Structures are given as C-alpha cells and as structure tokens.
$ cat run-v9.pdb   # PDB, C-alpha atoms and all ligand atoms
ATOM      1  CA  MET A  91       1.367 -18.833  -9.143  1.00  0.00           C
ATOM      2  CA  ARG A  92       1.291 -19.810  -5.532  1.00  0.00           C
ATOM      3  CA  TYR A  93      -2.271 -18.620  -4.894  1.00  0.00           C
ATOM      4  CA  SER A  94      -5.219 -20.675  -6.032  1.00  0.00           C
ATOM      5  CA  ALA A  95      -7.837 -19.280  -8.405  1.00  0.00           C
ATOM      6  CA  GLU A  96     -10.287 -19.263  -5.467  1.00  0.00           C
ATOM      7  CA  THR A  97      -7.939 -17.139  -3.393  1.00  0.00           C
ATOM      8  CA  ILE A  98      -7.461 -14.696  -6.258  1.00  0.00           C
ATOM      9  CA  ASP A  99     -11.251 -14.456  -6.627  1.00  0.00           C
ATOM     10  CA  ARG A 100     -11.559 -13.635  -2.931  1.00  0.00           C
ATOM     11  CA  VAL A 101      -8.902 -10.910  -3.263  1.00  0.00           C
ATOM     12  CA  ILE A 102     -10.847  -9.407  -6.177  1.00  0.00           C
ATOM     13  CA  ASP A 103     -14.061  -9.540  -4.110  1.00  0.00           C
ATOM     14  CA  PHE A 104     -12.300  -7.830  -1.223  1.00  0.00           C
ATOM     15  CA  HIS A 105     -10.958  -5.058  -3.449  1.00  0.00           C
ATOM     16  CA  GLY A 106     -14.094  -4.692  -5.567  1.00  0.00           C
ATOM     17  CA  HIS A 107     -12.660  -4.998  -9.053  1.00  0.00           C
ATOM     18  CA  VAL A 108      -9.822  -6.466 -11.091  1.00  0.00           C
ATOM     19  CA  CYS A 109      -7.062  -4.060 -12.040  1.00  0.00           C
ATOM     20  CA  PRO A 110      -3.337  -3.947 -12.832  1.00  0.00           C
ATOM     21  CA  GLY A 111      -2.600  -2.433  -9.412  1.00  0.00           C
ATOM     22  CA  LEU A 112      -4.245  -5.315  -7.607  1.00  0.00           C
ATOM     23  CA  ALA A 113      -2.108  -7.723  -9.627  1.00  0.00           C
ATOM     24  CA  ILE A 114       1.028  -5.933  -8.365  1.00  0.00           C
ATOM     25  CA  GLY A 115      -0.173  -6.400  -4.799  1.00  0.00           C
ATOM     26  CA  ILE A 116      -0.872 -10.079  -5.391  1.00  0.00           C
ATOM     27  CA  ARG A 117       2.595 -10.669  -6.808  1.00  0.00           C
ATOM     28  CA  VAL A 118       4.415  -8.716  -4.097  1.00  0.00           C
ATOM     29  CA  SER A 119       2.554 -10.736  -1.453  1.00  0.00           C
ATOM     30  CA  GLU A 120       3.727 -13.860  -3.223  1.00  0.00           C
ATOM     31  CA  LEU A 121       7.257 -12.454  -3.092  1.00  0.00           C
ATOM     32  CA  ALA A 122       6.934 -11.891   0.670  1.00  0.00           C
ATOM     33  CA  GLY A 123       6.015 -15.550   1.077  1.00  0.00           C
ATOM     34  CA  GLU A 124       8.938 -16.602  -1.058  1.00  0.00           C
ATOM     35  CA  GLN A 125      11.441 -14.435   0.825  1.00  0.00           C
ATOM     36  CA  LEU A 126      10.239 -14.783   4.415  1.00  0.00           C
ATOM     37  CA  GLY A 127       7.972 -17.830   4.505  1.00  0.00           C
ATOM     38  CA  PRO A 128       4.192 -18.267   4.639  1.00  0.00           C
ATOM     39  CA  PRO A 129       2.159 -15.779   6.741  1.00  0.00           C
ATOM     40  CA  GLU A 130       1.256 -18.527   9.254  1.00  0.00           C
ATOM     41  CA  SER A 131       4.889 -19.023  10.248  1.00  0.00           C
ATOM     42  CA  THR A 132       5.952 -15.376  10.351  1.00  0.00           C
ATOM     43  CA  ASP A 133       5.150 -12.273  12.382  1.00  0.00           C
ATOM     44  CA  LEU A 134       4.877 -10.088   9.345  1.00  0.00           C
ATOM     45  CA  VAL A 135       4.840  -6.300   9.097  1.00  0.00           C
ATOM     46  CA  ALA A 136       4.407  -4.520   5.773  1.00  0.00           C
ATOM     47  CA  VAL A 137       5.540  -0.996   5.036  1.00  0.00           C
ATOM     48  CA  VAL A 138       3.881   0.243   1.859  1.00  0.00           C
ATOM     49  CA  GLU A 139       5.016   3.377   0.047  1.00  0.00           C
ATOM     50  CA  THR A 140       1.823   3.671  -1.960  1.00  0.00           C
ATOM     51  CA  ASP A 141      -1.857   3.773  -1.073  1.00  0.00           C
ATOM     52  CA  MET A 142      -3.132   2.368  -4.352  1.00  0.00           C
ATOM     53  CA  CYS A 143      -5.168  -0.751  -5.220  1.00  0.00           C
ATOM     54  CA  GLY A 144      -2.339  -3.230  -4.600  1.00  0.00           C
ATOM     55  CA  VAL A 145      -2.329  -2.557  -0.861  1.00  0.00           C
ATOM     56  CA  ASP A 146      -5.704  -4.306  -0.596  1.00  0.00           C
ATOM     57  CA  ALA A 147      -4.130  -7.492  -1.946  1.00  0.00           C
ATOM     58  CA  VAL A 148      -1.258  -7.153   0.521  1.00  0.00           C
ATOM     59  CA  GLN A 149      -3.710  -6.850   3.425  1.00  0.00           C
ATOM     60  CA  PHE A 150      -5.815  -9.744   2.281  1.00  0.00           C
ATOM     61  CA  LEU A 151      -3.010 -12.144   1.392  1.00  0.00           C
ATOM     62  CA  THR A 152      -0.363 -11.407   4.035  1.00  0.00           C
ATOM     63  CA  GLY A 153      -2.708 -10.617   6.929  1.00  0.00           C
ATOM     64  CA  CYS A 154      -0.883  -7.319   7.550  1.00  0.00           C
ATOM     65  CA  THR A 155      -3.618  -4.834   8.384  1.00  0.00           C
ATOM     66  CA  PHE A 156      -3.883  -1.195   9.299  1.00  0.00           C
ATOM     67  CA  GLY A 157      -5.861  -1.881  12.477  1.00  0.00           C
ATOM     68  CA  LYS A 158      -3.319  -4.333  13.863  1.00  0.00           C
ATOM     69  CA  GLY A 159      -0.511  -1.888  13.227  1.00  0.00           C
ATOM     70  CA  THR A 160       1.156  -4.383  10.902  1.00  0.00           C
ATOM     71  CA  LEU A 161       0.479  -2.323   7.797  1.00  0.00           C
ATOM     72  CA  ILE A 162       2.310   0.974   7.733  1.00  0.00           C
ATOM     73  CA  HIS A 163       1.744   3.503   4.988  1.00  0.00           C
ATOM     74  CA  LYS A 164       4.511   5.881   4.036  1.00  0.00           C
ATOM     75  CA  ASP A 165       3.122   8.392   1.607  1.00  0.00           C
ATOM     76  CA  HIS A 166       5.950   8.372  -0.916  1.00  0.00           C
ATOM     77  CA  GLY A 167       3.813   7.590  -3.947  1.00  0.00           C
ATOM     78  CA  LYS A 168       6.202   4.794  -4.932  1.00  0.00           C
ATOM     79  CA  MET A 169       5.447   1.253  -5.991  1.00  0.00           C
ATOM     80  CA  ALA A 170       7.634  -0.057  -3.180  1.00  0.00           C
ATOM     81  CA  PHE A 171       6.802  -2.506  -0.435  1.00  0.00           C
ATOM     82  CA  SER A 172       8.937  -3.638   2.505  1.00  0.00           C
ATOM     83  CA  PHE A 173       8.201  -6.698   4.565  1.00  0.00           C
ATOM     84  CA  PHE A 174       9.694  -7.707   7.898  1.00  0.00           C
ATOM     85  CA  ASP A 175       9.390 -10.859   9.932  1.00  0.00           C
ATOM     86  CA  ARG A 176       9.503  -9.766  13.556  1.00  0.00           C
ATOM     87  CA  ASN A 177      10.275 -13.347  14.608  1.00  0.00           C
ATOM     88  CA  THR A 178      13.574 -13.454  12.766  1.00  0.00           C
ATOM     89  CA  GLY A 179      14.304  -9.763  12.188  1.00  0.00           C
ATOM     90  CA  LYS A 180      14.665 -10.480   8.474  1.00  0.00           C
ATOM     91  CA  GLY A 181      13.278  -8.009   5.996  1.00  0.00           C
ATOM     92  CA  PHE A 182      13.437  -6.806   2.428  1.00  0.00           C
ATOM     93  CA  ARG A 183      12.252  -3.986   0.209  1.00  0.00           C
ATOM     94  CA  ALA A 184      10.781  -4.705  -3.203  1.00  0.00           C
ATOM     95  CA  ARG A 185      10.376  -2.000  -5.796  1.00  0.00           C
ATOM     96  CA  LEU A 186       8.400  -2.440  -8.974  1.00  0.00           C
ATOM     97  CA  ARG A 187      10.987  -2.147 -11.705  1.00  0.00           C
ATOM     98  CA  PRO A 188      10.720   1.130 -13.615  1.00  0.00           C
ATOM     99  CA  GLU A 189      10.683  -0.781 -16.921  1.00  0.00           C
ATOM    100  CA  VAL A 190       7.568  -2.597 -15.757  1.00  0.00           C
ATOM    101  CA  GLN A 191       5.919   0.576 -14.555  1.00  0.00           C
ATOM    102  CA  ASN A 192       6.716   2.260 -17.863  1.00  0.00           C
ATOM    103  CA  LYS A 193       5.756  -0.744 -19.943  1.00  0.00           C
ATOM    104  CA  MET A 194       2.413   0.651 -21.017  1.00  0.00           C
ATOM    105  CA  GLY A 195       4.024   4.055 -21.016  1.00  0.00           C
ATOM    106  CA  ALA A 196       2.610   7.316 -22.166  1.00  0.00           C
ATOM    107  CA  GLU A 197      -0.304   5.920 -24.154  1.00  0.00           C
ATOM    108  CA  LEU A 198      -2.096   4.291 -21.238  1.00  0.00           C
ATOM    109  CA  GLY A 199      -1.307   7.253 -18.989  1.00  0.00           C
ATOM    110  CA  ALA A 200      -2.909   9.662 -21.443  1.00  0.00           C
ATOM    111  CA  LEU A 201      -5.946   7.400 -21.874  1.00  0.00           C
ATOM    112  CA  MET A 202      -6.417   7.061 -18.104  1.00  0.00           C
ATOM    113  CA  LYS A 203      -6.368  10.848 -17.723  1.00  0.00           C
ATOM    114  CA  LYS A 204      -9.040  11.188 -20.390  1.00  0.00           C
ATOM    115  CA  TRP A 205     -10.992   8.408 -18.710  1.00  0.00           C
ATOM    116  CA  ALA A 206     -10.911  10.284 -15.408  1.00  0.00           C
ATOM    117  CA  ALA A 207     -12.008  13.451 -17.182  1.00  0.00           C
ATOM    118  CA  GLY A 208     -14.853  11.567 -18.888  1.00  0.00           C
ATOM    119  CA  THR A 209     -13.686  12.472 -22.395  1.00  0.00           C
ATOM    120  CA  LEU A 210     -12.809   9.022 -23.786  1.00  0.00           C
ATOM    121  CA  THR A 211     -14.296   8.009 -27.106  1.00  0.00           C
ATOM    122  CA  ALA A 212     -15.755   4.510 -27.330  1.00  0.00           C
ATOM    123  CA  GLU A 213     -12.746   3.422 -29.346  1.00  0.00           C
ATOM    124  CA  GLU A 214     -10.263   4.860 -26.848  1.00  0.00           C
ATOM    125  CA  LYS A 215     -12.142   3.238 -23.992  1.00  0.00           C
ATOM    126  CA  GLN A 216     -11.807  -0.116 -25.674  1.00  0.00           C
ATOM    127  CA  ARG A 217      -8.092   0.442 -26.245  1.00  0.00           C
ATOM    128  CA  CYS A 218      -7.644   1.529 -22.641  1.00  0.00           C
ATOM    129  CA  GLU A 219      -9.438  -1.547 -21.303  1.00  0.00           C
ATOM    130  CA  GLN A 220      -7.402  -3.776 -23.559  1.00  0.00           C
ATOM    131  CA  MET A 221      -4.136  -2.246 -22.323  1.00  0.00           C
ATOM    132  CA  ARG A 222      -5.164  -2.547 -18.682  1.00  0.00           C
ATOM    133  CA  GLU A 223      -6.123  -6.150 -19.246  1.00  0.00           C
ATOM    134  CA  GLN A 224      -2.726  -6.800 -20.858  1.00  0.00           C
ATOM    135  CA  ALA A 225      -0.864  -5.064 -18.035  1.00  0.00           C
ATOM    136  CA  GLN A 226      -2.744  -7.091 -15.471  1.00  0.00           C
ATOM    137  CA  GLN A 227      -2.185 -10.372 -17.293  1.00  0.00           C
ATOM    138  CA  TYR A 228       1.502  -9.626 -17.730  1.00  0.00           C
ATOM    139  CA  THR A 229       1.841  -8.781 -14.040  1.00  0.00           C
ATOM    140  CA  MET A 230       0.123 -12.003 -13.008  1.00  0.00           C
ATOM    141  CA  ASP A 231       2.282 -14.171 -15.298  1.00  0.00           C
ATOM    142  CA  ALA A 232       5.762 -12.598 -15.273  1.00  0.00           C
ATOM    143  CA  PRO A 233       8.524 -14.097 -13.126  1.00  0.00           C
ATOM    144  CA  LEU A 234       8.826 -12.212  -9.821  1.00  0.00           C
ATOM    145  CA  SER A 235      12.436 -11.323 -10.644  1.00  0.00           C
ATOM    146  CA  GLU A 236      11.264  -9.533 -13.784  1.00  0.00           C
ATOM    147  CA  LEU A 237       8.714  -7.477 -11.873  1.00  0.00           C
ATOM    148  CA  PHE A 238      10.583  -6.443  -8.753  1.00  0.00           C
ATOM    149  CA  ASP A 239      14.012  -5.342  -7.633  1.00  0.00           C
ATOM    150  CA  VAL A 240      14.623  -6.779  -4.194  1.00  0.00           C
ATOM    151  CA  ALA A 241      17.057  -5.230  -1.722  1.00  0.00           C
ATOM    152  CA  PRO A 242      17.713  -5.813   1.962  1.00  0.00           C
ATOM    153  CA  ALA A 243      15.420  -3.635   4.068  1.00  0.00           C
ATOM    154  CA  ALA A 244      16.937  -0.193   4.603  1.00  0.00           C
ATOM    155  CA  ALA A 245      15.528   0.116   8.115  1.00  0.00           C
ATOM    156  CA  LEU A 246      14.845  -2.169  11.054  1.00  0.00           C
ATOM    157  CA  ALA A 247      11.414  -3.702  11.509  1.00  0.00           C
ATOM    158  CA  PRO A 248       8.965  -1.130  12.874  1.00  0.00           C
ATOM    159  CA  ARG A 249       8.397  -1.431  16.625  1.00  0.00           C
ATOM    160  CA  PRO A 250       5.150  -2.946  17.812  1.00  0.00           C
ATOM    161  CA  ALA A 251       2.559  -0.295  18.652  1.00  0.00           C
ATOM    162  CA  ARG A 252       3.026   1.191  22.098  1.00  0.00           C
ATOM    163  CA  ILE A 253       0.237   1.883  24.523  1.00  0.00           C
ATOM    164  CA  LEU A 254       0.113   5.603  25.198  1.00  0.00           C
ATOM    165  CA  ASP A 255      -2.090   7.810  27.358  1.00  0.00           C
ATOM    166  CA  SER A 256      -4.783   9.933  25.803  1.00  0.00           C
ATOM    167  CA  LEU A 257      -5.012  13.612  26.651  1.00  0.00           C
ATOM    168  CA  ALA A 258      -8.052  15.882  26.411  1.00  0.00           C
ATOM    169  CA  CYS A 259      -7.692  18.609  23.809  1.00  0.00           C
ATOM    170  CA  GLU A 260      -8.095  21.917  25.639  1.00  0.00           C
ATOM    171  CA  ARG A 261     -10.078  23.382  22.754  1.00  0.00           C
ATOM    172  CA  CYS A 262     -12.590  20.721  21.626  1.00  0.00           C
ATOM    173  CA  GLY A 263     -12.414  18.412  24.639  1.00  0.00           C
ATOM    174  CA  GLU A 264     -11.895  15.275  22.550  1.00  0.00           C
ATOM    175  CA  MET A 265      -9.371  12.713  23.725  1.00  0.00           C
ATOM    176  CA  ALA A 266      -6.304  12.207  21.541  1.00  0.00           C
ATOM    177  CA  MET A 267      -3.332   9.903  21.885  1.00  0.00           C
ATOM    178  CA  GLU A 268      -0.511  11.715  23.655  1.00  0.00           C
ATOM    179  CA  SER A 269       1.944  11.339  20.785  1.00  0.00           C
ATOM    180  CA  ARG A 270      -0.538  12.977  18.402  1.00  0.00           C
ATOM    181  CA  THR A 271      -1.190  16.084  20.461  1.00  0.00           C
ATOM    182  CA  ARG A 272       0.440  19.466  19.936  1.00  0.00           C
ATOM    183  CA  ARG A 273       1.467  22.151  22.407  1.00  0.00           C
ATOM    184  CA  PHE A 274       0.522  25.649  21.342  1.00  0.00           C
ATOM    185  CA  ALA A 275       0.549  28.830  23.444  1.00  0.00           C
ATOM    186  CA  GLY A 276       0.546  26.789  26.610  1.00  0.00           C
ATOM    187  CA  GLN A 277      -2.342  24.540  25.562  1.00  0.00           C
ATOM    188  CA  THR A 278      -2.478  20.860  24.668  1.00  0.00           C
ATOM    189  CA  LEU A 279      -4.386  20.520  21.413  1.00  0.00           C
ATOM    190  CA  CYS A 280      -5.493  17.761  19.051  1.00  0.00           C
ATOM    191  CA  ILE A 281      -4.124  17.958  15.502  1.00  0.00           C
ATOM    192  CA  PRO A 282      -7.266  19.416  13.825  1.00  0.00           C
ATOM    193  CA  CYS A 283      -7.579  22.141  16.495  1.00  0.00           C
ATOM    194  CA  PHE A 284      -3.875  22.900  16.268  1.00  0.00           C
ATOM    195  CA  GLU A 285      -4.079  23.200  12.496  1.00  0.00           C
ATOM    196  CA  GLU A 286      -7.100  25.480  12.664  1.00  0.00           C
ATOM    197  CA  ILE A 287      -5.527  27.805  15.201  1.00  0.00           C
ATOM    198  CA  GLU A 288      -2.152  27.821  13.517  1.00  0.00           C
ATOM    199  CA  GLN A 289      -3.710  28.757  10.170  1.00  0.00           C
ATOM    200  CA  LYS A 290      -5.267  31.858  11.646  1.00  0.00           C
ATOM    201  CA  ILE A 291      -1.892  33.249  12.632  1.00  0.00           C
TER     202      ILE A 291
HETATM  203 ZN    ZN B 301      -8.143  -1.416  -8.248  1.00  0.00          ZN
HETATM  204 ZN    ZN B 302      -9.335  19.534  19.585  1.00  0.00          ZN
END

$ encode --input "run-v9.pdb" --output "structure tokens" --more "lines below"
Ligand SMILES: [Zn+2]
Ligand SMILES: [Zn+2]
Amino acid sequence: MRYSAETIDRVIDFHGHVCPGLAIGIRVSELAGEQLGPPESTDLVAVVETDMCGVDAVQFLTGCTFGKGTLIHKDHGKMAFSFFDRNTGKGFRARLRPEVQNKMGAELGALMKKWAAGTLTAEEKQRCEQMREQAQQYTMDAPLSELFDVAPAAALAPRPARILDSLACERCGEMAMESRTRRFAGQTLCIPCFEEIEQKI
C-alpha cells in the first residue's frame, strides 16, 4: 500500500464511514499515482463513471475536485475511472474487473437489498457485515492488476473550464451560464424553467 495508515484514516473521516466502495476509490487513486506519477507532479483530471462512495477517496487522495473542474462525473453507473495528466497529455481508463465486482455475487446483493428495506434478521445483518468487511479487506490487499483492467484513455483530456457569460432567464430572472440556457419560443430560459414549461406542452 502506498498510502499510510494515517492517510487512510483521514480518507475514512472525509467519507464518513469505511466501506468496500471507498476501498475501490483508494486503490484506483493509488493506480493513478502508479501510472501517471504523484499528484504533486501532475495536473490531474479524473473522469468518474460512478457517483458512489469511492469517488470521495479519489477526491481526497488525488486532489481532483468537483469545484475545480478536475473531477468530471459521467453518469454511466460503471465502476470505471479515467485519469489524465494535462501536463503530459497521458491518460488511462481503469475498470473494476467484473470478476471482482461479482466476487461477493448474488448473496451480498440480496442482503444489501434487504438491509435497505429494513428487513434483515440479526443473523443476516451479521453475515452482511462480515461479507462487506471481507470485500473491503480484499480490495485493500489485492494487487492492482487483479482489481482493475487498465486501457489507454478512449478520449483526450477534458478541456479546462471556460469562462462563459451568464444570461438572465426571461422567466425567473436568475442568472445562468450561457451554455446551460435553453431557447424556447423566442425566450432564453434556465434549465428548470425550460423543463417546467416544456412539460406542460
Ligand atoms: Zn461508503
Ligand atoms: Zn428560470
């Protein structure tokens, strides 16, 4: 492991709890360091195809954040993470291997659904916790090559955020970034106003 126990503790504090998903994020951040170099020496951008727990570890450990525009979420619902170094133009996409994702398989999936529905028995809860603990431990300890398939990035590094004008929505009066406005029946509208009006038609 390239992160110290203290660093891992700080990641857990940041996220709020320990979980298998966070472990995936920790390991994929480690992979980014291995492939592209430490965060201090790179101009890193992360494109994450999931919005689950692991993204918190990516933000904390790689310094790629939503507010800086260096963390981009693509809502594909996949355990896949791309990283680019804008200094060198190098990038890669890592996908959690399906075998790893399926490792705990149907049993844990069924238990988690019951957990969410609040119908777990005490015994099932114990089993569920034990399996999550195992999944997390496995993810923390396994070689990176066993966890992830790594491929060259399919796309170029995302462009740095551009500075755009804001326009006033002609319905609610709120300012919205030009590229996020909609034209409808001759009016410039913000997205929520556009959606409301469009739904009525
Ligand atoms: Zn979590
Ligand atoms: Zn509006």

$ residues_around --input "run-v9.pdb" --residues "Gln277 (chain A)" --least-positions-apart "5" --cutoff "9 Å" --atoms "all atoms listed in the file" --output "ChimeraX atom specification"
/A:259-261,272

$ residues_around --input "run-v9.pdb" --residues "Cys109 (chain A)" --least-positions-apart "3" --cutoff "8 Å" --atoms "only C-alpha atoms" --output "MDAnalysis selection string"
chainID A and resid 112:113 143 222:223 226

$ closest_residue --input "run-v9.pdb" --among "A:Asp146, A:Ala245, A:Ile98, A:Gly127" --to "ligand ZN 301 (chain B)" --atoms "all atoms listed in the file"
A:Asp146

$ closest_residue --input "run-v9.pdb" --among "A:Cys154, A:Leu161, A:Ala251, A:Ala184" --to "Asp141 (chain A)" --atoms "only C-alpha atoms"
A:Leu161

$ closest_residue --input "run-v9.pdb" --among "A:Asp133, A:Asp103, A:Glu219, A:Asp255" --to "Ser269 (chain A)" --atoms "all atoms listed in the file"
A:Asp255

$ closest_residue --input "run-v9.pdb" --among "A:Gln227, A:Gln289, A:Thr211, A:Gly181" --to "Thr132 (chain A)" --atoms "all atoms listed in the file"
A:Gly181

$ resolve_selection --input "run-v9.pdb" --expression "the PyMOL selection byres (((not hetatm)) within 8 of (chain B and resi 301))" --output "JSON, numbers by chain"
{"A": [105, 106, 107, 108, 109, 110, 111, 112, 142, 143, 144]}

$ closest_atom_pairs --input "run-v9.pdb" --of "chain A" --to "ligand ZN 302 (chain B)" --cutoff "7 Å" --atoms "only C-alpha atoms and all ligand atoms" --output "Markdown table"
| residue | atom | partner | partner_atom | distance |
| --- | --- | --- | --- | --- |
| A:Cys259 | CA | B:ZN302 | ZN | 4.6 |
| A:Glu260 | CA | B:ZN302 | ZN | 6.6 |
| A:Arg261 | CA | B:ZN302 | ZN | 5.0 |
| A:Cys262 | CA | B:ZN302 | ZN | 4.0 |
| A:Gly263 | CA | B:ZN302 | ZN | 6.0 |
| A:Glu264 | CA | B:ZN302 | ZN | 5.8 |
| A:Leu279 | CA | B:ZN302 | ZN | 5.4 |
| A:Cys280 | CA | B:ZN302 | ZN | 4.3 |
| A:Ile281 | CA | B:ZN302 | ZN | 6.8 |
| A:Pro282 | CA | B:ZN302 | ZN | 6.1 |
| A:Cys283 | CA | B:ZN302 | ZN | 4.4 |

$ resolve_selection --input "run-v9.pdb" --expression "the PyMOL selection byres (((chain A and resi 116) around 8) and not hetatm)" --output "list in words"
Leu112, Ala113, Ile114, Gly115, Arg117, Val118, Ser119, Glu120, Gly144, Ala147, Val148, Leu151 and Met230 of chain A

$ resolve_selection --input "run-v9.pdb" --expression "the PyMOL selection byres (((chain A and resi 185-195) around 6) and not hetatm)" --output "VMD selection string"
chain A and resid 169 to 170 184 196 to 198 237 to 239

$ atom_distance --input "run-v9.pdb" --atom1 "CA of Leu201 (chain A)" --atom2 "CA of Lys215 (chain A)"
7.8 Å
